[in-house]
Structure formats: structure tokens, C-alpha cells
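**Q** There's a structure below that I have some questions on.
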Amino acid sequence: MAEMGYCVKCREKREITGAQQVTMKNGRPAVKGKCGVCGTGMYKILSKK
């Protein structure tokens, strides 16, 4: 299943293309990628579990 996130440019939930899991500075996991429609960078913050 593809990751979904909120695109601030499209103002809708969109599929994150090129998604890769990263760890933010504060230690929280996140998914980083681009919007499948407009190409804007997207982040989705995940739970600590």
C-alpha cells in the first residue's frame, strides 16, 4: 500500500511518490517524498511505535 499524506499545495490527501523513511532531529520517524500530482515535497510524521 502506498503512503498517503496531505499536500499543502493541492490542499488534499495525495499519494507520496518516492517515499523513503527518515528519522527527524527529535528522533521521530517520518516518511519523506513528493506529491504524485504537483511534485511538492511532502512529509508524514509517523508514530513512535
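Letters A, B, ... go to the chains of the C-alpha cells in the order shown; residues in each chain start at 1; ligands are counted from 1 in the same order.
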When you look at region 38-42 of chain A with a cut-off of 8 Å (counting only C-alpha atoms), what residues show up, excluding the ones that are within fewer than 2 positions of it in the same chain? I need them as number ranges by chain.
**A** A: 5-7, 9-10, 16, 32-36, 44
**Q** Can you list every residue in chain A that DSSP puts in strand (DSSP E), as a list in words?
**A** Met4, Gly5, Tyr6, Cys7, Glu12, Lys13, Arg14, Glu15, Ile16, Thr17, Gly18, Ala19, Gln20, Gln21, Val22, Thr23, Pro29, Ala30, Val31, Lys32, Gly33, Lys34, Cys35, Gly41, Met42, Tyr43, Lys44 and Ile45 of chain A
**Q** Those residues you just picked out, can you put them in a file as a short mmCIF file (atom, residue, chain, number, x, y, z; two decimals), in the first residue's frame with N, CA and C atoms?
**A**
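New file part-v6.cif:
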```cif
data_model
loop_
_atom_site.label_atom_id
_atom_site.label_comp_id
_atom_site.auth_asym_id
_atom_site.auth_seq_id
_atom_site.Cartn_x
_atom_site.Cartn_y
_atom_site.Cartn_z
N MET A 4 0.04 7.70 2.13
CA MET A 4 -0.79 8.86 1.82
C MET A 4 -0.42 9.98 2.79
N GLY A 5 -0.46 11.21 2.30
CA GLY A 5 -0.15 12.36 3.13
C GLY A 5 -0.90 13.57 2.62
N TYR A 6 -0.88 14.66 3.37
CA TYR A 6 -1.58 15.87 3.00
C TYR A 6 -0.64 16.79 2.22
N CYS A 7 -1.05 17.17 1.01
CA CYS A 7 -0.28 18.09 0.19
C CYS A 7 -0.80 19.50 0.46
N GLU A 12 -5.19 18.63 -0.49
CA GLU A 12 -5.89 17.34 -0.46
C GLU A 12 -4.92 16.25 -0.01
N LYS A 13 -5.47 15.11 0.41
CA LYS A 13 -4.64 13.95 0.70
C LYS A 13 -4.24 13.32 -0.62
N ARG A 14 -2.94 13.10 -0.79
CA ARG A 14 -2.40 12.55 -2.03
C ARG A 14 -1.42 11.43 -1.71
N GLU A 15 -1.13 10.62 -2.71
CA GLU A 15 -0.13 9.56 -2.59
C GLU A 15 1.26 10.17 -2.60
N ILE A 16 2.13 9.69 -1.72
CA ILE A 16 3.51 10.16 -1.66
C ILE A 16 4.35 9.28 -2.58
N THR A 17 4.92 9.88 -3.64
CA THR A 17 5.76 9.12 -4.55
C THR A 17 7.22 9.25 -4.12
N GLY A 18 7.99 8.22 -4.38
CA GLY A 18 9.40 8.22 -3.98
C GLY A 18 9.55 8.26 -2.47
N ALA A 19 8.63 7.62 -1.75
CA ALA A 19 8.62 7.67 -0.29
C ALA A 19 9.82 6.93 0.29
N GLN A 20 10.47 7.57 1.25
CA GLN A 20 11.55 6.92 1.99
C GLN A 20 11.41 7.28 3.46
N GLN A 21 11.65 6.29 4.32
CA GLN A 21 11.51 6.51 5.75
C GLN A 21 12.77 7.19 6.27
N VAL A 22 12.58 8.26 7.04
CA VAL A 22 13.68 9.02 7.62
C VAL A 22 13.42 9.20 9.11
N THR A 23 14.44 9.62 9.84
CA THR A 23 14.31 9.96 11.25
C THR A 23 14.58 11.45 11.40
N PRO A 29 10.11 9.03 13.73
CA PRO A 29 10.16 8.54 12.36
C PRO A 29 9.20 9.32 11.47
N ALA A 30 9.54 9.44 10.19
CA ALA A 30 8.70 10.15 9.24
C ALA A 30 8.90 9.55 7.86
N VAL A 31 7.98 9.87 6.95
CA VAL A 31 8.10 9.46 5.55
C VAL A 31 8.27 10.73 4.74
N LYS A 32 9.27 10.73 3.86
CA LYS A 32 9.59 11.89 3.04
C LYS A 32 9.43 11.49 1.58
N GLY A 33 8.82 12.38 0.79
CA GLY A 33 8.65 12.10 -0.63
C GLY A 33 8.07 13.31 -1.35
N LYS A 34 7.46 13.06 -2.50
CA LYS A 34 6.87 14.12 -3.29
C LYS A 34 5.42 13.80 -3.59
N CYS A 35 4.63 14.85 -3.83
CA CYS A 35 3.22 14.70 -4.21
C CYS A 35 3.17 14.07 -5.61
N GLY A 41 7.24 18.76 -2.22
CA GLY A 41 7.78 17.90 -1.17
C GLY A 41 6.76 17.68 -0.07
N MET A 42 6.67 16.44 0.42
CA MET A 42 5.72 16.09 1.46
C MET A 42 6.42 15.33 2.59
N TYR A 43 5.92 15.51 3.80
CA TYR A 43 6.36 14.76 4.97
C TYR A 43 5.13 14.20 5.65
N LYS A 44 5.28 13.01 6.19
CA LYS A 44 4.23 12.43 7.03
C LYS A 44 4.91 11.93 8.30
N ILE A 45 4.54 12.48 9.44
CA ILE A 45 5.13 12.09 10.71
C ILE A 45 4.43 10.81 11.19
#
```
